[in-house]
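Shown here: my_file10.cif, mmCIF, N, CA and C atoms.
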data_entry
#
loop_
_atom_site.label_atom_id
_atom_site.label_comp_id
_atom_site.auth_asym_id
_atom_site.auth_seq_id
_atom_site.Cartn_x
_atom_site.Cartn_y
_atom_site.Cartn_z
N LEU A 1 -39.78 -49.87 -61.08
CA LEU A 1 -39.77 -50.09 -62.51
C LEU A 1 -41.19 -50.09 -63.05
N ALA A 2 -42.11 -50.76 -62.34
CA ALA A 2 -43.49 -50.83 -62.80
C ALA A 2 -44.13 -49.44 -62.80
N ALA A 3 -43.96 -48.71 -61.72
CA ALA A 3 -44.56 -47.37 -61.63
C ALA A 3 -43.93 -46.42 -62.64
N ALA A 4 -42.61 -46.43 -62.75
CA ALA A 4 -41.92 -45.53 -63.68
C ALA A 4 -42.28 -45.81 -65.12
N SER A 5 -42.61 -47.06 -65.43
CA SER A 5 -42.94 -47.45 -66.81
C SER A 5 -44.43 -47.53 -67.06
N SER A 6 -45.25 -47.26 -66.04
CA SER A 6 -46.71 -47.34 -66.14
C SER A 6 -47.18 -48.69 -66.68
N VAL A 7 -46.61 -49.75 -66.10
CA VAL A 7 -46.99 -51.12 -66.45
C VAL A 7 -47.19 -51.93 -65.18
N ALA A 8 -47.70 -53.13 -65.34
CA ALA A 8 -47.81 -54.08 -64.23
C ALA A 8 -46.75 -55.15 -64.45
N ILE A 9 -46.16 -55.62 -63.36
CA ILE A 9 -45.14 -56.67 -63.44
C ILE A 9 -45.60 -57.84 -62.60
N GLY A 10 -45.60 -59.02 -63.20
CA GLY A 10 -45.94 -60.26 -62.50
C GLY A 10 -44.72 -61.15 -62.42
N ILE A 11 -44.34 -61.54 -61.21
CA ILE A 11 -43.16 -62.38 -60.99
C ILE A 11 -43.60 -63.74 -60.47
N GLU A 12 -42.96 -64.79 -60.99
CA GLU A 12 -43.18 -66.14 -60.50
C GLU A 12 -42.03 -66.50 -59.57
N ARG A 13 -42.33 -66.59 -58.29
CA ARG A 13 -41.31 -66.78 -57.26
C ARG A 13 -40.38 -67.96 -57.53
N GLN A 14 -40.91 -69.10 -57.99
CA GLN A 14 -40.08 -70.29 -58.19
C GLN A 14 -39.11 -70.15 -59.35
N ARG A 15 -39.27 -69.11 -60.19
CA ARG A 15 -38.38 -68.90 -61.33
C ARG A 15 -37.20 -67.97 -61.01
N VAL A 16 -37.24 -67.31 -59.85
CA VAL A 16 -36.19 -66.35 -59.50
C VAL A 16 -34.90 -67.10 -59.16
N PRO A 17 -33.83 -66.85 -59.92
CA PRO A 17 -32.56 -67.54 -59.63
C PRO A 17 -31.92 -66.97 -58.35
N CYS A 18 -31.35 -67.84 -57.55
CA CYS A 18 -30.72 -67.42 -56.29
C CYS A 18 -29.35 -68.07 -56.15
N MET A 19 -28.44 -67.32 -55.60
CA MET A 19 -27.12 -67.87 -55.26
C MET A 19 -27.29 -68.81 -54.07
N ILE A 20 -26.37 -69.74 -53.92
CA ILE A 20 -26.39 -70.65 -52.77
C ILE A 20 -26.34 -69.82 -51.50
N GLY A 21 -27.21 -70.14 -50.56
CA GLY A 21 -27.25 -69.43 -49.29
C GLY A 21 -28.23 -68.26 -49.27
N THR A 22 -28.85 -67.97 -50.41
CA THR A 22 -29.82 -66.89 -50.49
C THR A 22 -31.18 -67.48 -50.82
N ASP A 23 -32.20 -67.08 -50.08
CA ASP A 23 -33.53 -67.58 -50.41
C ASP A 23 -34.26 -66.57 -51.28
N VAL A 24 -35.37 -66.99 -51.85
CA VAL A 24 -36.11 -66.16 -52.80
C VAL A 24 -36.63 -64.89 -52.14
N ALA A 25 -37.12 -64.98 -50.91
CA ALA A 25 -37.65 -63.79 -50.24
C ALA A 25 -36.57 -62.71 -50.14
N LEU A 26 -35.38 -63.10 -49.77
CA LEU A 26 -34.28 -62.15 -49.67
C LEU A 26 -33.91 -61.61 -51.05
N ALA A 27 -33.88 -62.47 -52.05
CA ALA A 27 -33.55 -62.05 -53.41
C ALA A 27 -34.56 -61.03 -53.94
N LEU A 28 -35.83 -61.17 -53.55
CA LEU A 28 -36.86 -60.24 -54.02
C LEU A 28 -36.84 -58.91 -53.28
N GLU A 29 -36.29 -58.87 -52.08
CA GLU A 29 -36.37 -57.67 -51.26
C GLU A 29 -35.06 -56.91 -51.11
N SER A 30 -33.95 -57.58 -51.12
CA SER A 30 -32.66 -56.96 -50.83
C SER A 30 -32.10 -56.25 -52.04
N GLY A 31 -31.20 -55.34 -51.80
CA GLY A 31 -30.53 -54.64 -52.88
C GLY A 31 -29.19 -55.25 -53.23
N GLU A 32 -28.77 -56.27 -52.52
CA GLU A 32 -27.46 -56.88 -52.76
C GLU A 32 -27.55 -58.16 -53.57
N GLU A 33 -28.58 -58.96 -53.37
CA GLU A 33 -28.73 -60.21 -54.09
C GLU A 33 -29.55 -59.93 -55.34
N TYR A 34 -28.87 -59.48 -56.38
CA TYR A 34 -29.59 -59.05 -57.56
C TYR A 34 -28.97 -59.60 -58.83
N GLU A 35 -29.75 -59.57 -59.86
CA GLU A 35 -29.29 -59.81 -61.23
C GLU A 35 -29.92 -58.71 -62.06
N LEU A 36 -29.42 -58.53 -63.25
CA LEU A 36 -30.02 -57.53 -64.13
C LEU A 36 -31.40 -57.98 -64.56
N VAL A 37 -32.29 -57.03 -64.72
CA VAL A 37 -33.63 -57.32 -65.21
C VAL A 37 -33.76 -56.70 -66.58
N VAL A 38 -34.24 -57.48 -67.53
CA VAL A 38 -34.49 -56.97 -68.87
C VAL A 38 -35.93 -57.26 -69.25
N THR A 39 -36.47 -56.41 -70.07
CA THR A 39 -37.81 -56.65 -70.61
C THR A 39 -37.73 -56.50 -72.12
N SER A 40 -38.66 -57.14 -72.80
CA SER A 40 -38.69 -57.08 -74.25
C SER A 40 -40.14 -57.26 -74.72
N PRO A 41 -40.53 -56.54 -75.77
CA PRO A 41 -41.87 -56.74 -76.30
C PRO A 41 -42.01 -58.07 -77.03
N ASN A 42 -40.87 -58.72 -77.33
CA ASN A 42 -40.87 -60.00 -78.04
C ASN A 42 -40.18 -61.06 -77.18
N ASP A 43 -40.44 -62.32 -77.48
CA ASP A 43 -39.72 -63.39 -76.80
C ASP A 43 -38.23 -63.27 -77.11
N LEU A 44 -37.41 -63.54 -76.12
CA LEU A 44 -35.96 -63.47 -76.30
C LEU A 44 -35.39 -64.86 -76.50
N ASP A 45 -34.37 -64.96 -77.31
CA ASP A 45 -33.67 -66.22 -77.53
C ASP A 45 -32.66 -66.37 -76.39
N THR A 46 -33.05 -67.06 -75.34
CA THR A 46 -32.20 -67.16 -74.15
C THR A 46 -30.91 -67.92 -74.42
N ALA A 47 -30.95 -68.90 -75.31
CA ALA A 47 -29.73 -69.64 -75.64
C ALA A 47 -28.73 -68.73 -76.37
N GLU A 48 -29.20 -67.92 -77.29
CA GLU A 48 -28.33 -66.99 -78.01
C GLU A 48 -27.77 -65.93 -77.06
N PHE A 49 -28.59 -65.44 -76.16
CA PHE A 49 -28.13 -64.46 -75.16
C PHE A 49 -26.99 -65.05 -74.34
N GLU A 50 -27.18 -66.27 -73.85
CA GLU A 50 -26.14 -66.91 -73.04
C GLU A 50 -24.87 -67.16 -73.86
N ARG A 51 -25.03 -67.54 -75.11
CA ARG A 51 -23.87 -67.78 -75.96
C ARG A 51 -23.07 -66.48 -76.16
N ARG A 52 -23.78 -65.39 -76.43
CA ARG A 52 -23.09 -64.11 -76.73
C ARG A 52 -22.47 -63.48 -75.50
N PHE A 53 -23.16 -63.56 -74.35
CA PHE A 53 -22.71 -62.81 -73.18
C PHE A 53 -22.20 -63.68 -72.04
N ALA A 54 -22.27 -65.00 -72.20
CA ALA A 54 -21.83 -65.95 -71.17
C ALA A 54 -22.57 -65.75 -69.84
N ILE A 55 -23.83 -65.34 -69.95
CA ILE A 55 -24.68 -65.14 -68.79
C ILE A 55 -26.04 -65.79 -69.09
N PRO A 56 -26.52 -66.66 -68.21
CA PRO A 56 -27.84 -67.23 -68.46
C PRO A 56 -28.94 -66.18 -68.29
N LEU A 57 -29.98 -66.28 -69.08
CA LEU A 57 -31.12 -65.37 -69.00
C LEU A 57 -32.32 -66.20 -68.59
N THR A 58 -32.95 -65.83 -67.51
CA THR A 58 -34.07 -66.60 -66.96
C THR A 58 -35.34 -65.76 -66.97
N MET A 59 -36.40 -66.27 -67.60
CA MET A 59 -37.67 -65.57 -67.55
C MET A 59 -38.30 -65.80 -66.18
N ILE A 60 -38.56 -64.71 -65.46
CA ILE A 60 -39.13 -64.83 -64.12
C ILE A 60 -40.55 -64.29 -64.04
N GLY A 61 -41.05 -63.73 -65.14
CA GLY A 61 -42.40 -63.19 -65.11
C GLY A 61 -42.76 -62.49 -66.40
N ARG A 62 -43.79 -61.68 -66.30
CA ARG A 62 -44.31 -60.97 -67.47
C ARG A 62 -44.65 -59.54 -67.12
N VAL A 63 -44.62 -58.69 -68.14
CA VAL A 63 -45.05 -57.31 -68.02
C VAL A 63 -46.37 -57.17 -68.76
N SER A 64 -47.31 -56.46 -68.17
CA SER A 64 -48.59 -56.24 -68.83
C SER A 64 -48.98 -54.77 -68.70
N ALA A 65 -50.02 -54.39 -69.41
CA ALA A 65 -50.42 -52.98 -69.47
C ALA A 65 -51.13 -52.49 -68.21
N SER A 66 -51.83 -53.37 -67.52
CA SER A 66 -52.60 -52.85 -66.40
C SER A 66 -52.71 -53.87 -65.28
N PRO A 67 -53.01 -53.39 -64.10
CA PRO A 67 -53.07 -51.98 -63.72
C PRO A 67 -51.67 -51.40 -63.55
N PRO A 68 -51.43 -50.20 -64.10
CA PRO A 68 -50.09 -49.60 -64.07
C PRO A 68 -49.56 -49.46 -62.65
N GLY A 69 -48.27 -49.73 -62.50
CA GLY A 69 -47.61 -49.59 -61.20
C GLY A 69 -47.79 -50.77 -60.27
N THR A 70 -48.49 -51.80 -60.72
CA THR A 70 -48.75 -52.97 -59.88
C THR A 70 -47.61 -53.98 -59.99
N VAL A 71 -47.21 -54.52 -58.85
CA VAL A 71 -46.25 -55.62 -58.81
C VAL A 71 -46.95 -56.80 -58.15
N MET A 72 -46.91 -57.94 -58.82
CA MET A 72 -47.53 -59.15 -58.31
C MET A 72 -46.46 -60.23 -58.18
N VAL A 73 -46.50 -61.00 -57.11
CA VAL A 73 -45.63 -62.16 -56.96
C VAL A 73 -46.55 -63.36 -56.75
N ASP A 74 -46.48 -64.31 -57.65
CA ASP A 74 -47.35 -65.49 -57.63
C ASP A 74 -48.82 -65.10 -57.57
N GLY A 75 -49.18 -64.03 -58.28
CA GLY A 75 -50.58 -63.61 -58.38
C GLY A 75 -51.06 -62.73 -57.24
N ALA A 76 -50.25 -62.52 -56.21
CA ALA A 76 -50.63 -61.68 -55.08
C ALA A 76 -49.97 -60.31 -55.21
N SER A 77 -50.77 -59.27 -55.02
CA SER A 77 -50.25 -57.92 -55.12
C SER A 77 -49.25 -57.64 -54.00
N VAL A 78 -48.16 -56.98 -54.35
CA VAL A 78 -47.15 -56.59 -53.36
C VAL A 78 -47.45 -55.15 -52.98
N VAL A 79 -47.92 -54.95 -51.76
CA VAL A 79 -48.29 -53.61 -51.29
C VAL A 79 -47.02 -52.84 -50.95
N GLY A 80 -46.92 -51.64 -51.46
CA GLY A 80 -45.77 -50.79 -51.16
C GLY A 80 -44.49 -51.23 -51.83
N ALA A 81 -44.59 -51.93 -52.96
CA ALA A 81 -43.39 -52.38 -53.67
C ALA A 81 -42.58 -51.17 -54.09
N HIS A 82 -41.27 -51.28 -53.89
CA HIS A 82 -40.38 -50.17 -54.25
C HIS A 82 -39.01 -50.74 -54.62
N GLY A 83 -38.25 -49.99 -55.31
CA GLY A 83 -36.91 -50.40 -55.67
C GLY A 83 -35.94 -50.16 -54.53
N TRP A 84 -34.75 -50.70 -54.67
CA TRP A 84 -33.70 -50.52 -53.66
C TRP A 84 -32.97 -49.23 -53.95
N ASP A 85 -32.76 -48.44 -52.92
CA ASP A 85 -32.06 -47.17 -53.06
C ASP A 85 -30.76 -47.23 -52.28
N HIS A 86 -29.66 -47.45 -52.96
CA HIS A 86 -28.36 -47.56 -52.29
C HIS A 86 -27.92 -46.25 -51.66
N PHE A 87 -28.49 -45.14 -52.08
CA PHE A 87 -28.07 -43.84 -51.56
C PHE A 87 -28.80 -43.45 -50.27
N SER A 88 -29.77 -44.25 -49.85
CA SER A 88 -30.53 -43.90 -48.65
C SER A 88 -29.91 -44.49 -47.38
N ILE A 89 -28.85 -45.26 -47.53
CA ILE A 89 -28.23 -45.89 -46.36
C ILE A 89 -27.10 -45.03 -45.84
#
Just give me the structure of the file as structure tokens.
Amino acid sequence: LAAASSVAIGIERQRVPCMIGTDVALALESGEEYELVVTSPNDLDTAEFERRFAIPLTMIGRVSASPPGTVMVDGASVVGAHGWDHFSI
């Protein structure tokens, strides 16, 4: 997502929601333990989102302009970050 959008993405590990039995490391790396990711140029009304769609919205990080294609988790660069490809299995 970061590379395709030419942006940098910073994730705060402690904010990533996880199902019971799943740890954050697995949630960040696996293609099965996922939630939808949304971005917005403006702050989102998370209470209104949950009211309308019956799904909680959790801010887990920020998108910035540079350096493009960079993914950071807790301020540390993730080398070789890539998305999950369900078609490669």
Checklist entry - Can you tell me how far atom CA of Ile20 of chain A sits from atom CA of Met59 of chain A, in Å to one decimal? => result 19.3 Å
Item to check | atom CA of Glu12 of chain A to atom C of Phe49 of chain A, distance in Å rounded to a single decimal | outcome: 21.3 Å
Item to check | Using only C-alpha atoms: which of A:Met72, A:Ala47, A:Val38, A:Ile55 has the shortest distance to Ala8 of chain A | outcome: A:Met72
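Atom C of Val7 of chain A is found 6.1 Å from atom N of Pro67 of chain A.
Backbone DSSP assigns helix (DSSP H, G or I) in segment 10-41 of chain A to Arg13, Gln14, Arg15, Val24, Ala25, Leu26, Ala27, Leu28 and Glu29 of chain A.
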Next, the residues of the selection above should be written as a CSV table (one decimal), in the coordinates of the input with N, CA and C atoms.
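And here is the file that came out, selection.csv:
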chain,number,residue,atom,x,y,z
A,13,ARG,N,-42.3,-66.6,-58.3
A,13,ARG,CA,-41.3,-66.8,-57.3
A,13,ARG,C,-40.4,-68.0,-57.5
A,14,GLN,N,-40.9,-69.1,-58.0
A,14,GLN,CA,-40.1,-70.3,-58.2
A,14,GLN,C,-39.1,-70.2,-59.4
A,15,ARG,N,-39.3,-69.1,-60.2
A,15,ARG,CA,-38.4,-68.9,-61.3
A,15,ARG,C,-37.2,-68.0,-61.0
A,24,VAL,N,-35.4,-67.0,-51.8
A,24,VAL,CA,-36.1,-66.2,-52.8
A,24,VAL,C,-36.6,-64.9,-52.1
A,25,ALA,N,-37.1,-65.0,-50.9
A,25,ALA,CA,-37.6,-63.8,-50.2
A,25,ALA,C,-36.6,-62.7,-50.1
A,26,LEU,N,-35.4,-63.1,-49.8
A,26,LEU,CA,-34.3,-62.2,-49.7
A,26,LEU,C,-33.9,-61.6,-51.0
A,27,ALA,N,-33.9,-62.5,-52.0
A,27,ALA,CA,-33.6,-62.0,-53.4
A,27,ALA,C,-34.6,-61.0,-53.9
A,28,LEU,N,-35.8,-61.2,-53.6
A,28,LEU,CA,-36.9,-60.2,-54.0
A,28,LEU,C,-36.8,-58.9,-53.3
A,29,GLU,N,-36.3,-58.9,-52.1
A,29,GLU,CA,-36.4,-57.7,-51.3
A,29,GLU,C,-35.1,-56.9,-51.1
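Residues within 9 Å of Pro17 of chain A, counting only C-alpha atoms and excluding same-chain residues fewer than 2 positions away, are A:Gln14, A:Arg15, A:Met19, A:Val24, A:Ala27, A:Glu35, A:Thr58, A:Ile60.
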Checklist entry - Which residues match the PyMOL selection byres (((chain A and resi 73 and name CA) around 7) and name CA) in the file above, as number ranges by chain? => result A: 10-13, 71-72, 74-78
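Backbone DSSP of chain A yields strand (DSSP E or B) at Ala8, Ile9, Gly10, Ile11, Gly61, Arg62, Val63, Ser64, Val71, Met72, Val73, Ala76 and Ser77 of chain A.
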Next on the checklist: Once the PyMOL selection byres ((chain A and resi 2) around 7) is applied to the coordinates I shared, what remains selected? I want it as a list in words.
Outcome noted: Leu1, Ala3, Ala4, Ser5, Ser6, Val7, Ala8, Ile9, Pro68, Gly69, Thr70 and Val71 of chain A
For Pro41 of chain A, work out the shell of residues within 12 Å, counting only C-alpha atoms and skipping chain neighbours fewer than 2 positions away, then give it as a short mmCIF file (atom, residue, chain, number, x, y, z; two decimals) with N, CA and C atoms, in the coordinates of the input.
data_model
loop_
_atom_site.label_atom_id
_atom_site.label_comp_id
_atom_site.auth_asym_id
_atom_site.auth_seq_id
_atom_site.Cartn_x
_atom_site.Cartn_y
_atom_site.Cartn_z
N VAL A 38 -34.24 -57.48 -67.53
CA VAL A 38 -34.49 -56.97 -68.87
C VAL A 38 -35.93 -57.26 -69.25
N THR A 39 -36.47 -56.41 -70.07
CA THR A 39 -37.81 -56.65 -70.61
C THR A 39 -37.73 -56.50 -72.12
N ASP A 43 -40.44 -62.32 -77.48
CA ASP A 43 -39.72 -63.39 -76.80
C ASP A 43 -38.23 -63.27 -77.11
N LEU A 44 -37.41 -63.54 -76.12
CA LEU A 44 -35.96 -63.47 -76.30
C LEU A 44 -35.39 -64.86 -76.50
N ARG A 62 -43.79 -61.68 -66.30
CA ARG A 62 -44.31 -60.97 -67.47
C ARG A 62 -44.65 -59.54 -67.12
N VAL A 63 -44.62 -58.69 -68.14
CA VAL A 63 -45.05 -57.31 -68.02
C VAL A 63 -46.37 -57.17 -68.76
N SER A 64 -47.31 -56.46 -68.17
CA SER A 64 -48.59 -56.24 -68.83
C SER A 64 -48.98 -54.77 -68.70
N ALA A 65 -50.02 -54.39 -69.41
CA ALA A 65 -50.42 -52.98 -69.47
C ALA A 65 -51.13 -52.49 -68.21
#
